[in-house]
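*Asks:* Sending over a structure as structure tokens; questions will come in a sec.
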Amino acid sequence: MRAVARVHNPGRESSATGAPQLGFPRDVIDRPAFNEEKLSALWDFWAQRRGSRAFPDRADFDPIELRAWLGHLMMVELVEGRWVYRLYGTYFVETFRREMTGKGIDELPPEQASVLQAEYDSVRTSGEPAARTYSALFEFGTPDGRQSWQLDQTWERVSLPLSDAAAGFPDEVRVVLVAAYLVGGQAG
């Protein structure tokens with residue numbers, strides 16, 4: 001699968017608001033009105049782990065506690081200036097027929113990589129989550145390449161900032177926890 005033509009539709013996009021200074025936690029970061037209840041639940045879980053800090057640490061999340069979202073999660077880490085997938089959920093592997101764990105976002109189609117780079121960089125510099133709903137024309141095909149088709153899909157996603165104290169970055173965003181859900185239907 002690859003995104004073609006248009007990666008997102010600004011007319012159908014929303015974003016988390018506000019921009020705290022890093023290291024100065026806000027008492028409240030307003031949760032967007034998600035259509036997907038699991039995104040609301042994940043945001044609330046992230047906020048609980050965050051406590052009074054600007055953002056929680058990667059170690060604050062036990063994979064067992066994330067099982068409700070696991071197939072729909074991605075974790076990207078900033079490694080030498082490059083965003084690399086440390087986790088790429090099974091739902092995405094099955095839907096897009098591509099395993100991205102261990103690969104950088106720069107291995108995606110250029111337009112898609114550019115949108116994701118901007119999103120993850122914004123989460124990193126602001127220290128705040130980002131949420132959006134977007135539409136894209138996705139190309140699907142059979143594994144043997146004999147058939148292909150395109151589907152216009154709408155996804156809702158959230159990107160949540162995490163520090164990584166174990167790697168020596170306790171006060172800056174080095175990891176982004178991402179969850180995404182297809183709006184109103186099945187994948188390709």
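By convention in this document, the chains of the structure tokens carry letters A, B, ... by their order, each chain's residues are numbered from 1, and ligands are numbered from 1 in the order they are shown.
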Would you list, as an NGL selection string, the residues of segment 13-144 of chain A that end up in helix (DSSP H, G or I) under DSSP run on this structure's backbone?

*Replies:* :A and (37-50 or 58-60 or 63-66 or 70-72 or 90-96 or 105-107 or 110-126)

*Asks:* Selection from above, C-alpha atoms, as a PDB file, in the first residue's frame, can you write it?

*Replies:*
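Once written, selection-v8.pdb looks like this:
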ATOM      1  CA  GLU A  37     -13.790   6.246  21.701  1.00  0.00           C
ATOM      2  CA  LYS A  38     -10.521   4.306  21.868  1.00  0.00           C
ATOM      3  CA  LEU A  39      -8.593   7.484  21.005  1.00  0.00           C
ATOM      4  CA  SER A  40     -10.342   9.316  23.853  1.00  0.00           C
ATOM      5  CA  ALA A  41      -9.464   6.470  26.206  1.00  0.00           C
ATOM      6  CA  LEU A  42      -5.823   6.444  25.072  1.00  0.00           C
ATOM      7  CA  TRP A  43      -5.559  10.235  25.504  1.00  0.00           C
ATOM      8  CA  ASP A  44      -6.958   9.905  29.045  1.00  0.00           C
ATOM      9  CA  PHE A  45      -4.551   7.044  29.813  1.00  0.00           C
ATOM     10  CA  TRP A  46      -1.627   9.181  28.535  1.00  0.00           C
ATOM     11  CA  ALA A  47      -2.819  12.134  30.664  1.00  0.00           C
ATOM     12  CA  GLN A  48      -3.021   9.899  33.744  1.00  0.00           C
ATOM     13  CA  ARG A  49       0.554   8.696  33.194  1.00  0.00           C
ATOM     14  CA  ARG A  50       1.657  12.266  32.560  1.00  0.00           C
ATOM     15  CA  ARG A  58       8.322   5.942  27.602  1.00  0.00           C
ATOM     16  CA  ALA A  59       8.894   3.668  30.607  1.00  0.00           C
ATOM     17  CA  ASP A  60       5.542   4.756  32.088  1.00  0.00           C
ATOM     18  CA  PRO A  63       2.637  -3.058  26.823  1.00  0.00           C
ATOM     19  CA  ILE A  64       0.140  -5.150  28.794  1.00  0.00           C
ATOM     20  CA  GLU A  65      -1.716  -1.974  29.782  1.00  0.00           C
ATOM     21  CA  LEU A  66      -1.784  -0.893  26.126  1.00  0.00           C
ATOM     22  CA  LEU A  70      -1.930  -2.446  20.543  1.00  0.00           C
ATOM     23  CA  GLY A  71      -2.799  -3.346  16.945  1.00  0.00           C
ATOM     24  CA  HIS A  72      -3.551   0.315  16.240  1.00  0.00           C
ATOM     25  CA  THR A  90      -0.414  -5.404  13.333  1.00  0.00           C
ATOM     26  CA  TYR A  91      -3.535  -3.650  12.050  1.00  0.00           C
ATOM     27  CA  PHE A  92      -1.333  -1.399   9.894  1.00  0.00           C
ATOM     28  CA  VAL A  93       0.849  -4.289   8.714  1.00  0.00           C
ATOM     29  CA  GLU A  94      -2.252  -6.246   7.671  1.00  0.00           C
ATOM     30  CA  THR A  95      -4.018  -3.236   6.152  1.00  0.00           C
ATOM     31  CA  PHE A  96      -1.109  -1.759   4.229  1.00  0.00           C
ATOM     32  CA  ILE A 105       9.349   7.511   7.925  1.00  0.00           C
ATOM     33  CA  ASP A 106      11.641   8.623   5.102  1.00  0.00           C
ATOM     34  CA  GLU A 107      10.991   5.191   3.531  1.00  0.00           C
ATOM     35  CA  PRO A 110       7.588  11.551  -0.084  1.00  0.00           C
ATOM     36  CA  GLU A 111       4.288  13.409   0.406  1.00  0.00           C
ATOM     37  CA  GLN A 112       3.270  11.119   3.277  1.00  0.00           C
ATOM     38  CA  ALA A 113       6.743  11.301   4.863  1.00  0.00           C
ATOM     39  CA  SER A 114       6.640  15.107   4.707  1.00  0.00           C
ATOM     40  CA  VAL A 115       3.278  15.285   6.520  1.00  0.00           C
ATOM     41  CA  LEU A 116       4.447  12.856   9.222  1.00  0.00           C
ATOM     42  CA  GLN A 117       7.808  14.619   9.655  1.00  0.00           C
ATOM     43  CA  ALA A 118       6.010  17.923  10.262  1.00  0.00           C
ATOM     44  CA  GLU A 119       3.560  16.298  12.701  1.00  0.00           C
ATOM     45  CA  TYR A 120       6.199  14.495  14.758  1.00  0.00           C
ATOM     46  CA  ASP A 121       8.518  17.525  14.768  1.00  0.00           C
ATOM     47  CA  SER A 122       5.638  19.689  16.005  1.00  0.00           C
ATOM     48  CA  VAL A 123       4.838  17.239  18.818  1.00  0.00           C
ATOM     49  CA  ARG A 124       8.527  17.184  19.742  1.00  0.00           C
ATOM     50  CA  THR A 125       9.026  20.963  19.820  1.00  0.00           C
ATOM     51  CA  SER A 126       5.698  21.844  21.476  1.00  0.00           C
TER      52      SER A 126
END

*Asks:* Tell me, which residues of chain A carry DSSP strand (DSSP E or B), written as a VMD selection string?

*Replies:* chain A and resid 2 to 4 57 73 to 79 82 to 88 104 130 to 141 148 to 164 169 175 to 182

*Asks:* Write out as an NGL selection string which residues come within 10 Å of segment 164-171 of chain A when counting only C-alpha atoms, dropping same-chain ones fewer than 3 positions away.

*Replies:* :A and (22-23 or 53-60 or 77 or 127 or 174-175)

*Asks:* Mind giving me the straight-line distance from atom CA of Ala68 of chain A to atom CA of Arg97 of chain A in Å, one decimal?

*Replies:*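 So the answer is 21.9 Å.
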
*Asks:* Could you tell me how far atom CA of Leu160 of chain A lies from atom CA of Ala131 of chain A, in Å and to one decimal?

*Replies:*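 Straight-line distance from atom CA of Leu160 of chain A to atom CA of Ala131 of chain A works out to 8.7 Å.
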
*Asks:* Residues near Gly102 of chain A, anyone? I mean within 7 Å using only C-alpha atoms, not counting same-chain ones fewer than 5 positions away, as a PDB file with N, CA and C atoms, in the first residue's frame.

*Replies:*
ATOM      1  N   VAL A  84      12.094   6.942  13.432  1.00  0.00           N
ATOM      2  CA  VAL A  84      12.142   5.510  13.132  1.00  0.00           C
ATOM      3  C   VAL A  84      11.015   4.807  13.895  1.00  0.00           C
ATOM      4  N   TYR A  85      10.298   3.918  13.202  1.00  0.00           N
ATOM      5  CA  TYR A  85       9.242   3.134  13.850  1.00  0.00           C
ATOM      6  C   TYR A  85       9.866   2.077  14.747  1.00  0.00           C
ATOM      7  N   ARG A  86       9.557   2.142  16.035  1.00  0.00           N
ATOM      8  CA  ARG A  86       9.971   1.103  16.977  1.00  0.00           C
ATOM      9  C   ARG A  86       8.862   0.074  17.149  1.00  0.00           C
TER      10      ARG A  86
END

*Asks:* With only C-alpha atoms as the atoms that count, which of A:Asp62, A:Lys103, A:Val176, A:Ser148 lies nearest to Ser163 of chain A?

*Replies:*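 Nearest candidate to Ser163 of chain A out of A:Asp62, A:Lys103, A:Val176, A:Ser148: A:Val176.
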
*Asks:* Could you work out how far atom CA of Glu80 of chain A lies from atom CA of Ala180 of chain A, giving the answer in Å with one decimal?

*Replies:*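 If I compute the distance from atom CA of Ala180 of chain A to atom CA of Glu80 of chain A, I get 25.5 Å.
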
*Asks:* Can you tell me, as a PyMOL selection string, what residues are no more than 9 Å from Glu36 of chain A when counting only C-alpha atoms, ignoring any on the same chain fewer than 4 positions away?

*Replies:* chain A and resi 40+156+181-183

*Asks:* List the spatial neighbours of Leu73 of chain A as a list in words - criterion: any atom at most 7 Å away, only C-alpha atoms, same-chain residues fewer than 5 positions off excluded.

*Replies:*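 Listed by chain and then number, they are Tyr88, Gly89, Val178, Ala179 and Ala180 of chain A.
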